[in-house]
Amino acid sequence: MTVYHGIVMLGNRTNEQWISQYASSHQHPVNRICHTLGIPTIVLSVLIFLVSIFIHRLWPYALALFVLGWILQFIGHAFEGKPPEFFSDWRFLFVGVRWWWAKIQGKA
C-alpha cells in the first residue's frame, strides 16, 4: 500500500485514478443514468437494512431497493457492452460510490 497525502490508497492508485478507470467503463449515456440512479438506491438499501435491525418490517423495502439498484446497474452495462469493473477487481464495488459523488459534484 502507498501513502498519498496521508491517505492509504489500495492498489497503488489515487482516488482520481480509481474514478477515472471506473468512468472509462461508464461512457454510454444510459449506463451513466442507470448508475446515477442505481448506486444511491443500493446505498439507501444498505442504510434501510441497518435500520431494519431495529424496525423489522423495513427489511423487505431494503431488499427491494437493493435488487432494483443492481438491476439498474446491469441494465446499464448491457447498453455499455462491457462487464462491470468489479468482475475483474472487487475493489470497484467501493469505487462506484466515489464515482457517483464525483459525478454529482461535476468532477466525473
# chains A, B, ... in the order shown; residues from 1 in each chain; ligands from 1
>>> select_by_dssp(residues="chain A", states="helix (DSSP H, G or I)", output="ChimeraX atom specification")
/A:10-12,15-24,29-52,56-80,85-87,92-104
>>> closest_atom_pairs(of="stretch 45-66 of chain A", to="stretch 71-90 of chain A", cutoff="12 Å", atoms="only C-alpha atoms", output="Markdown table")
| residue | atom | partner | partner_atom | distance |
| --- | --- | --- | --- | --- |
| A:Ala64 | CA | A:Ile71 | CA | 10.5 |
| A:Leu65 | CA | A:Ile71 | CA | 9.7 |
| A:Phe66 | CA | A:Ile71 | CA | 8.7 |
>>> residues_around(residues="A:Leu47", least_positions_apart="3", cutoff="12 Å", atoms="only C-alpha atoms", output="short mmCIF file (atom, residue, chain, number, x, y, z; two decimals) with C-alpha atoms, in the first residue's frame")
data_model
loop_
_atom_site.label_atom_id
_atom_site.label_comp_id
_atom_site.auth_asym_id
_atom_site.auth_seq_id
_atom_site.Cartn_x
_atom_site.Cartn_y
_atom_site.Cartn_z
CA PRO A 40 -27.67 5.69 -4.40
CA THR A 41 -30.53 3.16 -4.44
CA ILE A 42 -28.11 0.45 -3.28
CA VAL A 43 -26.58 2.73 -0.64
CA LEU A 44 -30.06 3.65 0.62
CA LEU A 50 -29.26 -1.40 9.10
CA VAL A 51 -32.34 0.38 10.46
CA SER A 52 -34.36 -2.81 9.89
CA ILE A 53 -32.29 -4.46 12.62
CA PHE A 54 -34.39 -2.36 14.99
CA LEU A 58 -38.35 -2.45 6.89
CA TRP A 59 -36.20 -5.33 5.59
CA TYR A 61 -38.05 -2.47 1.43
CA ALA A 62 -34.28 -2.72 1.86
CA LEU A 63 -34.22 -5.92 -0.16
CA LEU A 65 -34.26 -1.35 -3.22
CA PHE A 66 -31.08 -3.44 -3.24
#
>>> residues_around(residues="A:Ala23", least_positions_apart="2", cutoff="10 Å", atoms="only C-alpha atoms", output="PyMOL selection string")
chain A and resi 17-21+25-27+32+85+95-96+99-100+103+108
>>> atom_distance(atom1="atom CA of A:Leu68", atom2="atom CA of A:Gly38")
7.3 Å
